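Q: Have a look at this one before I ask anything.
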Amino acid sequence: MIDFKSLDSFYREHLLDHVLPFYLNHALDPEFGGYANCLDNAGRRLSTDKYLWSQGRGTWTFSAVYNRVAREDKYLDAARLGARFIERFGRDERGYYVFYTSREGRNIGPSNSIYADLFVVLGLTELFRATGDTKALAQAYAVFRQAWTRIQDPNFDAAYPGGKLPGASVHGVPMILLDVAQELARTVADETVDAAVAWCVETITQRHYQPDYGMIFEQVTPDGKRIDLPAGRVINPGHAIECAWFMMHHAHRAGWRDLLEWAGKILFKALELGWDKEYGGILLAIDADTGRPSDAFPHADYKPWWPETEALYALILAHELLGSPQAQGWYDRVHDWSMNHLVSPQGDWYQRMDRQGRPIDTVIGLPVKDPYHLPRALILGYQSLRRVQGNPTPHDPFDILPKVPAPQMDA
């Protein structure tokens, strides 16, 4: 049994001495700003294209490390590289962030992914907390308001990637928006941001959650009905786990015990459904009716790294906030599988595994390897473990932060 009381030292060391050096050595682009995000497991650049969501995510990670774990200039300098690229490049003529650019910042991809905009908001908000850069916060707020307006449009369709069915509501949109809007709401006093958080909670719990199955479905009709197609039956265990801890954050901050317990049930149900009983590890996509890997989802029986990272933090948080005995058992299982299969000699983790848990080069979704899911799990897990010990870190996720008025939209 893994001792949660001594795990914080492992998380800090693994983050600072193994995972982050991989990205500091291979991802930073001091010439043009931002990060190389098409890396293989050895750190070689497979492409120089830059995905905008990776620029936002990297900005968040390096800012968060600086704010919460190790206040060293190298992390703040790395965060500013991402912000520099975001500020100068990536937007189309409407101000929407495109999906990807050339290394130099020339627009290549369409503005068909709201996730690019949302991760920009997340990164610049955390950077503001590190630097007090009001220009970064103003940009984050303006991008958020624009993204929120787009999402509320009945014809909104910028939910790439994910294979969206025509007219469907996609779980990824309220899921990612929930985390982003929560973080912005901790810093900016604005009713619109608060309304976005409430919309996300309602959309997920009342539409994507299907009570007869006890799980979140990736695609439903706009009024919350199941879609009887293979793609409509997809359960993404990693997304459900990630959404569960986003909900736990909101429920704890709001003092909403029922929602906290609901999120715990989602977490353990997703692990029960997604855990491969033959080989271990979390499967990528499950058919709700058969319980087997989904035929509608490419590489459904593969095991990318990110569901494991989400599960590690979600289980630490469930141990802290719910005191659930299930959390310890599941944590031991996920931790052991991850340490035995995912940790690479380069310090970072292997990004993609086949069903048997062997590293592969097959692209699953996008050719992207960026500093986000794994370092985020280590940062937040470290903070949770320190809270339990009564020795919280700076910029704790549950601190009540001083809020600033909403920036002017023309800033």
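Lettering and numbering for the structure tokens are positional, with chains as A, B, ... in the shown order, residues counted from 1 in each chain, and ligands counted from 1 in the shown order.
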Using only C-alpha atoms, which residues sit within 7 Å of segment 213-218 of chain A once same-chain residues fewer than 4 positions away are excluded, as a PDB file with N, CA and C atoms, in the first residue's frame?
A:
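File part29.pdb, as written:
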```
ATOM      1  N   VAL A 170     -21.182  18.056 -27.359  1.00  0.00           N
ATOM      2  CA  VAL A 170     -19.940  17.323 -27.115  1.00  0.00           C
ATOM      3  C   VAL A 170     -19.457  17.599 -25.695  1.00  0.00           C
ATOM      4  N   HIS A 171     -19.232  16.544 -24.946  1.00  0.00           N
ATOM      5  CA  HIS A 171     -18.834  16.672 -23.544  1.00  0.00           C
ATOM      6  C   HIS A 171     -17.554  17.473 -23.362  1.00  0.00           C
ATOM      7  N   HIS A 208     -25.206  15.373 -20.286  1.00  0.00           N
ATOM      8  CA  HIS A 208     -24.248  14.319 -20.662  1.00  0.00           C
ATOM      9  C   HIS A 208     -24.263  13.146 -19.686  1.00  0.00           C
ATOM     10  N   TYR A 209     -24.573  13.395 -18.450  1.00  0.00           N
ATOM     11  CA  TYR A 209     -24.705  12.295 -17.497  1.00  0.00           C
ATOM     12  C   TYR A 209     -26.017  11.574 -17.743  1.00  0.00           C
ATOM     13  N   ARG A 233     -22.588   6.084 -28.422  1.00  0.00           N
ATOM     14  CA  ARG A 233     -22.469   5.196 -27.256  1.00  0.00           C
ATOM     15  C   ARG A 233     -21.074   5.232 -26.630  1.00  0.00           C
ATOM     16  N   VAL A 234     -20.237   6.166 -27.088  1.00  0.00           N
ATOM     17  CA  VAL A 234     -18.853   6.200 -26.614  1.00  0.00           C
ATOM     18  C   VAL A 234     -18.772   6.745 -25.189  1.00  0.00           C
ATOM     19  N   ILE A 235     -18.092   5.984 -24.346  1.00  0.00           N
ATOM     20  CA  ILE A 235     -17.681   6.442 -23.024  1.00  0.00           C
ATOM     21  C   ILE A 235     -16.164   6.614 -23.078  1.00  0.00           C
ATOM     22  N   ASN A 236     -15.690   7.779 -22.697  1.00  0.00           N
ATOM     23  CA  ASN A 236     -14.255   8.041 -22.649  1.00  0.00           C
ATOM     24  C   ASN A 236     -13.856   8.065 -21.173  1.00  0.00           C
ATOM     25  N   ALA A 240     -14.039  11.235 -18.392  1.00  0.00           N
ATOM     26  CA  ALA A 240     -14.915  11.173 -17.214  1.00  0.00           C
ATOM     27  C   ALA A 240     -14.116  11.381 -15.934  1.00  0.00           C
ATOM     28  N   ILE A 266     -18.698   9.211 -10.250  1.00  0.00           N
ATOM     29  CA  ILE A 266     -18.256   9.211 -11.647  1.00  0.00           C
ATOM     30  C   ILE A 266     -16.832   8.691 -11.754  1.00  0.00           C
TER      31      ILE A 266
END
```
Q: For segment 313-325 of chain A, please output as a list in words all residues within 8 Å (counting only C-alpha atoms; exclusion window: fewer than 6 positions along the same chain).
A: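 Result of the neighbour search: Ile241, Glu242, Ala244, Trp245, Met248, His252, Leu260, Glu261, Gly264, Leu267, Tyr331, Ala377, Leu378, Leu380, Gly381, Ser384, Leu385 and Val388 of chain A.
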Q: Any chance you can output those residues with C-alpha atoms as a JSON list (two decimals), in the first residue's frame?
A:
```json
[["chain", "number", "residue", "atom", "x", "y", "z"],
["A", 241, "ILE", "CA", -12.08, 10.95, -14.69],
["A", 242, "GLU", "CA", -10.77, 14.39, -15.64],
["A", 244, "ALA", "CA", -14.76, 14.26, -12.04],
["A", 245, "TRP", "CA", -11.90, 16.17, -10.47],
["A", 248, "MET", "CA", -14.61, 18.11, -7.18],
["A", 252, "HIS", "CA", -15.37, 21.90, -2.69],
["A", 260, "LEU", "CA", -18.74, 16.31, -4.57],
["A", 261, "GLU", "CA", -20.17, 12.86, -3.91],
["A", 264, "GLY", "CA", -16.68, 10.63, -6.68],
["A", 267, "LEU", "CA", -14.57, 8.72, -10.88],
["A", 331, "TYR", "CA", -4.51, 4.66, -6.51],
["A", 377, "ALA", "CA", -1.17, 15.86, -12.25],
["A", 378, "LEU", "CA", 2.14, 16.04, -10.40],
["A", 380, "LEU", "CA", -1.89, 19.33, -8.25],
["A", 381, "GLY", "CA", -1.22, 15.98, -6.60],
["A", 384, "SER", "CA", -3.26, 18.03, -2.36],
["A", 385, "LEU", "CA", -0.76, 15.89, -0.46],
["A", 388, "VAL", "CA", -3.51, 16.88, 3.90]]
```
Q: Which residues are near segment 24-29 of chain A? Cut-off 9 Å, only C-alpha atoms, ignore same chain within fewer than 6 positions. Put them as a PyMOL selection string.
A: chain A and resi 35-39+43-45+74-75+78+81-82+103+370-371
Q: Determine, counting only C-alpha atoms, which protein, DNA and RNA residues have an atom within 6 Å of an atom of segment 13-20 of chain A; residues of the same chain fewer than 3 positions away are not included. Present the result as number ranges by chain.
A: A: 10, 23, 347-348
Q: Selection from above, C-alpha atoms, as a PDB file, in the first residue's frame, can you write it?
A:
```pdb
ATOM      1  CA  PHE A  10       8.170  11.694  -4.792  1.00  0.00           C
ATOM      2  CA  TYR A  23      10.623  19.782 -21.922  1.00  0.00           C
ATOM      3  CA  GLY A 347      12.567  11.075 -17.575  1.00  0.00           C
ATOM      4  CA  ASP A 348       9.216  11.861 -19.136  1.00  0.00           C
TER       5      ASP A 348
END
```
Q: Go through segment 243-386 of chain A and collect every residue that DSSP, computed from the backbone, puts in strand (DSSP E or B); the answer should be as a list of chain:residue names.
A: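 Answer for segment 243-386 of chain A, restricted to strand (DSSP E or B): A:Trp275, A:Ile282, A:Ile286, A:Asp287, A:Pro293, A:Lys303, A:Pro304, A:Val343, A:Trp349, A:Arg352, A:Met353, A:Pro359.
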Q: Just to be explicit: take each residue in the selection above, keep N, CA and C atoms, and write the result as a PDB file, in the first residue's frame.
A:
```
ATOM      1  N   TRP A 275     -10.873   0.215 -16.783  1.00  0.00           N
ATOM      2  CA  TRP A 275      -9.682  -0.562 -16.440  1.00  0.00           C
ATOM      3  C   TRP A 275      -9.662  -1.884 -17.199  1.00  0.00           C
ATOM      4  N   ILE A 282      -5.772   1.915 -18.388  1.00  0.00           N
ATOM      5  CA  ILE A 282      -7.090   2.470 -18.700  1.00  0.00           C
ATOM      6  C   ILE A 282      -7.269   2.525 -20.207  1.00  0.00           C
ATOM      7  N   ILE A 286     -14.859   3.186 -24.555  1.00  0.00           N
ATOM      8  CA  ILE A 286     -15.706   2.024 -24.294  1.00  0.00           C
ATOM      9  C   ILE A 286     -17.064   2.237 -24.937  1.00  0.00           C
ATOM     10  N   ASP A 287     -17.634   1.175 -25.498  1.00  0.00           N
ATOM     11  CA  ASP A 287     -19.016   1.204 -25.976  1.00  0.00           C
ATOM     12  C   ASP A 287     -19.925   0.981 -24.773  1.00  0.00           C
ATOM     13  N   PRO A 293     -14.100  -2.180 -25.945  1.00  0.00           N
ATOM     14  CA  PRO A 293     -13.578  -1.023 -26.681  1.00  0.00           C
ATOM     15  C   PRO A 293     -14.483  -0.655 -27.856  1.00  0.00           C
ATOM     16  N   LYS A 303      -3.674   2.707 -24.999  1.00  0.00           N
ATOM     17  CA  LYS A 303      -3.576   3.335 -23.684  1.00  0.00           C
ATOM     18  C   LYS A 303      -2.599   4.508 -23.722  1.00  0.00           C
ATOM     19  N   PRO A 304      -3.075   5.671 -24.130  1.00  0.00           N
ATOM     20  CA  PRO A 304      -2.220   6.851 -24.022  1.00  0.00           C
ATOM     21  C   PRO A 304      -1.986   7.191 -22.559  1.00  0.00           C
ATOM     22  N   VAL A 343       6.881   5.155 -17.445  1.00  0.00           N
ATOM     23  CA  VAL A 343       8.079   5.962 -17.189  1.00  0.00           C
ATOM     24  C   VAL A 343       9.181   5.565 -18.169  1.00  0.00           C
ATOM     25  N   TRP A 349       7.280  10.448 -19.565  1.00  0.00           N
ATOM     26  CA  TRP A 349       6.583   9.180 -19.734  1.00  0.00           C
ATOM     27  C   TRP A 349       6.381   8.875 -21.216  1.00  0.00           C
ATOM     28  N   ARG A 352       2.288   6.879 -25.682  1.00  0.00           N
ATOM     29  CA  ARG A 352       1.272   5.982 -26.240  1.00  0.00           C
ATOM     30  C   ARG A 352       1.693   4.531 -26.024  1.00  0.00           C
ATOM     31  N   MET A 353       0.722   3.720 -25.595  1.00  0.00           N
ATOM     32  CA  MET A 353       0.957   2.303 -25.373  1.00  0.00           C
ATOM     33  C   MET A 353      -0.105   1.499 -26.107  1.00  0.00           C
ATOM     34  N   PRO A 359       5.253   0.443 -25.483  1.00  0.00           N
ATOM     35  CA  PRO A 359       5.336   1.739 -26.163  1.00  0.00           C
ATOM     36  C   PRO A 359       5.197   1.589 -27.672  1.00  0.00           C
TER      37      PRO A 359
END
```
Q: May I have a table of the residues of segment 279-392 of chain A lying at most 9 Å from segment 57-63 of chain A, giving each one's closest pair of atoms and their distance in Å to one decimal, counting only C-alpha atoms, ordered by chain and ascending residue number, as JSON lines?
A:
```
{"residue": "A:Asp370", "atom": "CA", "partner": "A:Gly58", "partner_atom": "CA", "distance": 7.0}
{"residue": "A:Pro371", "atom": "CA", "partner": "A:Gly58", "partner_atom": "CA", "distance": 5.6}
{"residue": "A:Tyr372", "atom": "CA", "partner": "A:Arg57", "partner_atom": "CA", "distance": 5.8}
{"residue": "A:His373", "atom": "CA", "partner": "A:Arg57", "partner_atom": "CA", "distance": 8.9}
{"residue": "A:Pro375", "atom": "CA", "partner": "A:Thr61", "partner_atom": "CA", "distance": 6.9}
{"residue": "A:Arg376", "atom": "CA", "partner": "A:Thr61", "partner_atom": "CA", "distance": 6.5}
{"residue": "A:Ile379", "atom": "CA", "partner": "A:Thr61", "partner_atom": "CA", "distance": 8.6}
```
